[in-house]
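J.: Would you mind keeping the following structure in view while I ask a few things?
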Amino acid sequence: MESNFKRQLVIIGGAEDKEGDSQILRDFVRRAGGTKAYIVIMTAATELPREVGENYIRVFERLGAENVRILDTETREDASSSTALEAINKATGIFFTGGDQARITNILKDTEIDVTIHKRFAEGIVIAGTSAGAAVMPDKMIVEGDSQTHPRIETVEMGPGLGFLPGVVIDQHFSQRGRLGRLISALILEPAVLGFGIDENTAMVVTDNQIEVIGEGAVTIVDESEATYNNMGEILRDESLAIFGAKLHILPNGFKFDLKTRQPILNNGSVANLPVSVA
């Protein structure tokens with residue numbers, strides 16, 4: 001039987017606007033139920049859970065969310081508490097803050113909270129994450145790595161993510177920190193076929209199998225599904241990776257991407273597969 005599950009993710013590249021129009025956080029609150037939203041802020045990534053969490057409480061309450069609470073899980077034991085599970089079961093939106101993505105998986109992965117969040121996700125609640133909270137969205141995530149470098153095996157360390165958007169690789173603070181090299185390295189190491197690099201104050205909003213970009217920057221998409229060659233099997237850890245025939249897409253605000261067909265979509269809804277004209 002086909003599920004009515006509507007996948008909703010707001011995956012943010014970090015440093016999103018919290019003081020002005022707050023376009024990205026506004027979109028998240030609207031998707032989570034608007035003024036009737038019940039938002040749970042997951043602070044596992046940060047060592048300053050109260051300070052970071054209260055900052056988001058102020059934003060979400062300013063935007064009109066009816067009920068906002070911090071869920072601070074410092075240990076794996078905290079991730080099984082009855083009050084935590086009750087909050088997840090009431091939530092219409094869950095927001096993972098920035099910090100250290102390894103803290104999120106070390107504390108939450110395969111706990112009762114993890115299982116319950118996935119259950120609620122399958123029921124259609126919206127899940128968002130910024131910076132480290134964005135990194136954990138795939139099933140395999142970038143734990144850490146070098147910025148501003150060409151692709152090499154040693155450039156990036158991979159680890160298990162939370163698996164809300166499997167089969168892809170996600171990197172954040174993308175153009176600001178020059179992370180194309182590490183995204184390509186992660187993509188070849190995985191191997192996934194789609195890599196997404198999200199700029200600061202920019203988000204890729206996933207609804208079922210379609211992505212829309214919102215915010216002031218862009219999302220860089222590397223598609224290696226039709227790549228003709230890479231030298232992964234022939235080099236040592238500190239030697240340079242080569243890849244032939246990968247596709248690159250740059251999508252600013254308002255542009256969309258189909259995850260099934262792996263095709264960008266123009267603002268008018270048509271598939272962007274026409275040749276580029278050169279003056």
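Simple scheme: letters A, B, ... for chains in structure tokens order, numbers from 1 for residues in each chain, numbers from 1 for ligands in the order shown.
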If we count only C-alpha atoms and set the cut-off at 7 Å, which residues sit around range 186-189 of chain A, ignoring sequence neighbours fewer than 5 positions away in its own chain? Please answer as a list in words.
T.: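 Surrounding residues, per the criterion: Val156, Val169 and Gly195 of chain A.
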J.: If DSSP is run on the backbone, what residues of range 11-190 of chain A are strand (DSSP E)? A reply as a VMD selection string would be ideal.
T.: chain A and resid 11 to 12 38 to 42 67 to 71 93 to 96 126 to 130 140 to 145 156 to 160 168 to 171
J.: Which residues, written as a list in words, have at least one atom at most 10 Å from Ile24 in chain A, with only C-alpha atoms counted and residues fewer than 6 positions away on the same chain left out?
T.: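 My list of contacting residues is Val10, Ile11, Ile12, Glu16, Asp17, Lys18, Arg30, Asn201, Thr202, Ala203, Met204, Val205, Val213, Ile214, Gly215 and Glu216 of chain A.
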J.: Which polymer residues have any atom within 10 Å of an atom of Gln101 in chain A, counting only C-alpha atoms, with same-chain residues fewer than 5 positions away left out, as JSON, numbers by chain?
T.: {"A": [44, 45, 46, 96, 106, 131, 132, 133, 134, 135, 136, 141, 142, 143, 144, 159, 161]}
J.: From the DSSP assignment of the backbone, select every residue of range 27-212 of chain A that is alpha helix (DSSP H), and format the answer as a PyMOL selection string.
T.: chain A and resi 27-31+49-62+82-90+101-108+112-122+132-135+174-177+180-189
J.: Give me the range 147-242 of chain A side of the contact with range 266-269 of chain A, cut-off 12 Å, one line per residue showing its nearest atom pair and distance in Å at one decimal, counting only C-alpha atoms, sorted by chain and residue number, as JSON lines.
T.:
{"residue": "A:Gln210", "atom": "CA", "partner": "A:Gly269", "partner_atom": "CA", "distance": 11.6}
{"residue": "A:Ile211", "atom": "CA", "partner": "A:Leu266", "partner_atom": "CA", "distance": 11.9}
{"residue": "A:Glu212", "atom": "CA", "partner": "A:Asn267", "partner_atom": "CA", "distance": 10.0}
{"residue": "A:Val213", "atom": "CA", "partner": "A:Asn267", "partner_atom": "CA", "distance": 10.8}
J.: Which residues, written as a PyMOL selection string, have at least one atom at most 12 Å from Asn209 in chain A, with only C-alpha atoms counted and residues fewer than 4 positions away on the same chain left out?
T.: chain A and resi 5-9+165-166+204-205+256-263
J.: In Å to one decimal, how far is CA of Ser225 in chain A from CA of Leu251 in chain A?
T.: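 The value is 18.5 Å.
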J.: Determine, counting only C-alpha atoms, which protein, DNA and RNA residues have an atom within 9 Å of an atom of Arg120 in chain A; residues of the same chain fewer than 4 positions away are not included. Present the result as a list in words.
T.: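 Once the nearby chain positions are removed, what remains is Ile88, Asn89, Ala91, Thr92, Val115, Thr116, Gly124, Ile125 and Val126 of chain A.
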J.: Keeping only N, CA, C and O atoms, write the selected residues to a file as a JSON list (two decimals), in the first residue's frame.
T.:
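What follows is the written file result.json:
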[["chain", "number", "residue", "atom", "x", "y", "z"],
["A", 88, "ILE", "N", 8.87, 15.03, 21.31],
["A", 88, "ILE", "CA", 9.00, 14.65, 19.89],
["A", 88, "ILE", "C", 7.65, 14.21, 19.33],
["A", 88, "ILE", "O", 7.28, 14.55, 18.20],
["A", 89, "ASN", "N", 6.90, 13.48, 20.12],
["A", 89, "ASN", "CA", 5.59, 12.99, 19.65],
["A", 89, "ASN", "C", 4.57, 14.11, 19.48],
["A", 89, "ASN", "O", 3.64, 13.99, 18.69],
["A", 91, "ALA", "N", 5.55, 17.23, 18.53],
["A", 91, "ALA", "CA", 6.14, 18.23, 17.63],
["A", 91, "ALA", "C", 5.50, 18.22, 16.25],
["A", 91, "ALA", "O", 5.13, 17.17, 15.72],
["A", 92, "THR", "N", 5.42, 19.41, 15.67],
["A", 92, "THR", "CA", 5.07, 19.54, 14.25],
["A", 92, "THR", "C", 6.32, 19.93, 13.44],
["A", 92, "THR", "O", 6.31, 19.86, 12.22],
["A", 115, "VAL", "N", 14.69, 6.90, 16.72],
["A", 115, "VAL", "CA", 13.60, 6.08, 16.16],
["A", 115, "VAL", "C", 12.30, 6.88, 16.11],
["A", 115, "VAL", "O", 11.57, 6.85, 15.11],
["A", 116, "THR", "N", 12.03, 7.62, 17.17],
["A", 116, "THR", "CA", 10.78, 8.38, 17.25],
["A", 116, "THR", "C", 10.76, 9.53, 16.25],
["A", 116, "THR", "O", 9.73, 9.80, 15.62],
["A", 124, "GLY", "N", 5.02, 12.93, 8.39],
["A", 124, "GLY", "CA", 4.90, 14.18, 7.65],
["A", 124, "GLY", "C", 5.35, 15.43, 8.36],
["A", 124, "GLY", "O", 5.17, 16.53, 7.82],
["A", 125, "ILE", "N", 5.90, 15.34, 9.60],
["A", 125, "ILE", "CA", 6.38, 16.57, 10.23],
["A", 125, "ILE", "C", 7.61, 17.08, 9.49],
["A", 125, "ILE", "O", 8.29, 16.33, 8.79],
["A", 126, "VAL", "N", 7.90, 18.35, 9.66],
["A", 126, "VAL", "CA", 9.03, 18.96, 8.96],
["A", 126, "VAL", "C", 10.25, 18.93, 9.86],
["A", 126, "VAL", "O", 10.17, 19.20, 11.06]]
J.: Just to confirm, what's the straight-line distance from CA of Tyr38 in chain A to CA of Ile57 in chain A in Å (one decimal)?
T.: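 Distance between the two atoms: 11.3 Å.
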